[in-house]
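K.L.:
Next up is a structure, given as structure tokens.
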Amino acid sequence: MERRKAIKNIGYGSAALFSSSLLFGSLQSCTATPKVDWIPVFFTPEEAAQMEKICEGIAPKTTTPGAIEAGVPAHLDEAFSIFSTADEASYFKRGLAVFVDNFKDNGEVSFNKATTEQVTDVINAYYKRYNDQPDILKNYRETYNDPGEKSDEFVEAHFVTSVVDATFRSYFTSELVGETVMRYDPIPVKYEGCIPYEAGQKSWSSV
């Protein structure tokens, strides 16, 4: 699957995405870290493995690096450990568990047996559902600050929207993607605030 098509699919109903409360700008751009070398501090080892699979489904490796190669899962682990509140951490982890448990209901196989493309398809199916049933995200927004136990539907919506948003933020601010995929100037010596855009040009790297 081409990256442009994958991102277009993931972006179905992208207006429903919520900005993550994680301040990624407060961290240095993530570096590509082999998955066998990073030790999770926020996630359990099982959750970390699940996050790798989900992040790769959101930003799969094609002719350009995937999320794992760009170090996204390890970066999110660090970011969540530093910036998430107790409620955000609880919602995200519970939502991850619900997402994994419900995976077969939304796809063709169980999560553990799913391919990267099947993970992409399931994420996309969530956004199609959110587009077709806008009350799901409307209720999520309206009840976010309400006290009391949150429903599985609430934490599931929190996880899906947060993990997609966070993965893309981390991916496009990663050192690897910034230097090899986007337009990159290692020694910028001139600031131009207004440059004509030509169709098809890549966005400038932020690293």
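Numbering starts fresh at 1 for the residues of each chain in the structure tokens, the chains themselves are lettered A, B, ... in the order given, and ligands are numbered from 1 as they appear.
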So that I can check the surroundings of Asn106 (chain A), please list as an NGL selection string every protein, DNA and RNA residue that reaches within 7 Å of it, counting only C-alpha atoms and ignoring chain neighbours fewer than 3 positions away.

P.N.:
:A and (102-103 or 122)

K.L.:
Identify which of the residues A:Val155, A:Leu76, A:Val100, A:Gly57 lies closest to Trp38 (chain A), counting only C-alpha atoms when measuring atom-to-atom distances.

P.N.:
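That would be A:Leu76, the residue with the smallest distance to Trp38 (chain A).
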
K.L.:
Might you pull out every residue within 9 Å of Lys93 (chain A), with only C-alpha atoms counted and same-chain residues fewer than 3 positions away left off, and present them as a list of chain:residue names?

P.N.:
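Surrounding residues, per the criterion: A:Phe43, A:Glu47, A:Glu88, A:Ala89, A:Ser90, A:Leu96, A:Ala97, A:Val98, A:Val155, A:Phe159.
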
K.L.:
Can you work out the spacing between CA of Leu176 (chain A) and CA of Ile39 (chain A) in Å, to one decimal?

P.N.:
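The value is 20.1 Å.
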
K.L.:
Show me, as number ranges by chain, the residues that have an atom within 12 Å of Pro40 (chain A) when counting only C-alpha atoms, minus same-chain residues fewer than 6 positions from it.

P.N.:
A: 46-52, 73-81

K.L.:
Output all heavy atoms for every residue in that selection, as a CSV table (one decimal), in the first residue's frame.

P.N.:
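part.csv written:
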chain,number,residue,atom,x,y,z
A,46,GLU,N,3.9,-6.0,27.1
A,46,GLU,CA,2.8,-6.4,26.2
A,46,GLU,C,2.1,-5.2,25.5
A,46,GLU,O,1.9,-5.3,24.3
A,46,GLU,CB,1.7,-7.2,27.0
A,46,GLU,CG,0.6,-7.7,26.1
A,46,GLU,CD,-0.5,-8.5,26.9
A,46,GLU,OE1,-0.5,-8.4,28.1
A,46,GLU,OE2,-1.3,-9.2,26.3
A,47,GLU,N,1.9,-4.2,26.3
A,47,GLU,CA,1.3,-3.0,25.7
A,47,GLU,C,2.2,-2.3,24.6
A,47,GLU,O,1.8,-1.8,23.6
A,47,GLU,CB,0.9,-2.0,26.8
A,47,GLU,CG,-0.2,-2.4,27.6
A,47,GLU,CD,-0.3,-1.5,28.9
A,47,GLU,OE1,0.6,-0.8,29.2
A,47,GLU,OE2,-1.4,-1.5,29.5
A,48,ALA,N,3.5,-2.4,25.0
A,48,ALA,CA,4.5,-1.8,24.0
A,48,ALA,C,4.5,-2.5,22.7
A,48,ALA,O,4.6,-1.9,21.6
A,48,ALA,CB,5.9,-1.8,24.7
A,49,ALA,N,4.4,-3.9,22.8
A,49,ALA,CA,4.4,-4.6,21.5
A,49,ALA,C,3.1,-4.3,20.7
A,49,ALA,O,3.1,-4.3,19.5
A,49,ALA,CB,4.4,-6.1,21.9
A,50,GLN,N,2.0,-4.2,21.5
A,50,GLN,CA,0.7,-3.8,20.8
A,50,GLN,C,0.8,-2.4,20.2
A,50,GLN,O,0.3,-2.2,19.0
A,50,GLN,CB,-0.4,-3.9,21.8
A,50,GLN,CG,-0.7,-5.2,22.3
A,50,GLN,CD,-1.6,-5.3,23.6
A,50,GLN,OE1,-1.8,-4.2,24.2
A,50,GLN,NE2,-2.2,-6.4,23.9
A,51,MET,N,1.4,-1.5,20.9
A,51,MET,CA,1.6,-0.1,20.3
A,51,MET,C,2.4,-0.1,19.1
A,51,MET,O,2.2,0.6,18.1
A,51,MET,CB,2.2,0.8,21.4
A,51,MET,CG,1.2,1.2,22.4
A,51,MET,SD,-0.1,2.3,21.8
A,51,MET,CE,0.9,3.7,21.3
A,52,GLU,N,3.5,-1.0,19.0
A,52,GLU,CA,4.3,-1.0,17.8
A,52,GLU,C,3.5,-1.5,16.6
A,52,GLU,O,3.6,-0.9,15.5
A,52,GLU,CB,5.5,-2.0,18.0
A,52,GLU,CG,6.6,-1.5,18.9
A,52,GLU,CD,7.8,-2.3,18.8
A,52,GLU,OE1,7.7,-3.5,18.6
A,52,GLU,OE2,8.9,-1.8,19.1
A,73,PRO,N,6.9,4.4,18.5
A,73,PRO,CA,6.4,3.8,19.7
A,73,PRO,C,7.2,4.2,21.0
A,73,PRO,O,6.6,4.5,22.0
A,73,PRO,CB,6.5,2.3,19.4
A,73,PRO,CG,6.4,2.2,17.9
A,73,PRO,CD,7.2,3.4,17.4
A,74,ALA,N,8.5,4.2,20.8
A,74,ALA,CA,9.4,4.5,22.0
A,74,ALA,C,9.2,6.0,22.4
A,74,ALA,O,9.2,6.3,23.5
A,74,ALA,CB,10.8,4.2,21.7
A,75,HIS,N,9.0,6.8,21.4
A,75,HIS,CA,8.8,8.3,21.6
A,75,HIS,C,7.5,8.5,22.3
A,75,HIS,O,7.4,9.3,23.3
A,75,HIS,CB,8.8,9.0,20.3
A,75,HIS,CG,8.7,10.5,20.4
A,75,HIS,ND1,7.8,11.2,19.6
A,75,HIS,CD2,9.2,11.4,21.2
A,75,HIS,CE1,7.9,12.5,19.9
A,75,HIS,NE2,8.7,12.6,20.9
A,76,LEU,N,6.4,7.8,21.9
A,76,LEU,CA,5.1,7.9,22.5
A,76,LEU,C,5.2,7.4,24.0
A,76,LEU,O,4.6,8.0,24.9
A,76,LEU,CB,4.1,7.2,21.8
A,76,LEU,CG,3.8,7.7,20.3
A,76,LEU,CD1,2.5,7.0,19.8
A,76,LEU,CD2,3.6,9.2,20.3
A,77,ASP,N,5.9,6.3,24.2
A,77,ASP,CA,6.1,5.8,25.5
A,77,ASP,C,6.7,6.9,26.5
A,77,ASP,O,6.2,7.1,27.6
A,77,ASP,CB,7.0,4.6,25.5
A,77,ASP,CG,7.2,4.0,26.9
A,77,ASP,OD1,6.3,3.3,27.4
A,77,ASP,OD2,8.3,4.1,27.4
A,78,GLU,N,7.7,7.5,26.0
A,78,GLU,CA,8.4,8.6,26.8
A,78,GLU,C,7.5,9.8,27.0
A,78,GLU,O,7.4,10.3,28.1
A,78,GLU,CB,9.7,9.0,26.1
A,78,GLU,CG,10.4,10.1,26.8
A,78,GLU,CD,11.6,10.7,26.0
A,78,GLU,OE1,11.7,10.3,24.8
A,78,GLU,OE2,12.4,11.4,26.6
A,79,ALA,N,6.8,10.2,25.9
A,79,ALA,CA,5.9,11.3,26.0
A,79,ALA,C,4.8,11.1,27.0
A,79,ALA,O,4.5,12.0,27.8
A,79,ALA,CB,5.3,11.7,24.6
A,80,PHE,N,4.1,10.0,26.9
A,80,PHE,CA,3.0,9.7,27.8
A,80,PHE,C,3.5,9.6,29.2
A,80,PHE,O,2.8,10.0,30.2
A,80,PHE,CB,2.3,8.4,27.4
A,80,PHE,CG,1.3,8.5,26.4
A,80,PHE,CD1,1.5,8.1,25.1
A,80,PHE,CD2,0.0,9.1,26.7
A,80,PHE,CE1,0.5,8.2,24.1
A,80,PHE,CE2,-1.0,9.2,25.7
A,80,PHE,CZ,-0.7,8.8,24.4
A,81,SER,N,4.7,9.0,29.4
A,81,SER,CA,5.2,8.9,30.8
A,81,SER,C,5.5,10.3,31.4
A,81,SER,O,5.4,10.4,32.7
A,81,SER,CB,6.5,8.1,30.8
A,81,SER,OG,7.6,8.8,30.2

K.L.:
Nearest to Ala166 (chain A): which of A:Phe99, A:Glu69, A:Ile54, A:Ser110 is it, counting only C-alpha atoms?

P.N.:
A:Ile54

K.L.:
Between A:Ile123, A:Thr161, A:Ser151, A:Thr116, which one has atoms that come closest to Leu137 (chain A), using only C-alpha atoms?

P.N.:
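Ranked by minimum distance to Leu137 (chain A), first place goes to A:Thr161.
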
K.L.:
Separation of CA of Asp87 (chain A) and CA of Arg169 (chain A), in Å?

P.N.:
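We find that CA of Asp87 (chain A) and CA of Arg169 (chain A) lie 21.3 Å from each other.
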
K.L.:
If I take CA of Gly95 (chain A) and CA of Lys61 (chain A), how far is one from the other in Å, to one decimal?

P.N.:
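The value is 24.9 Å.
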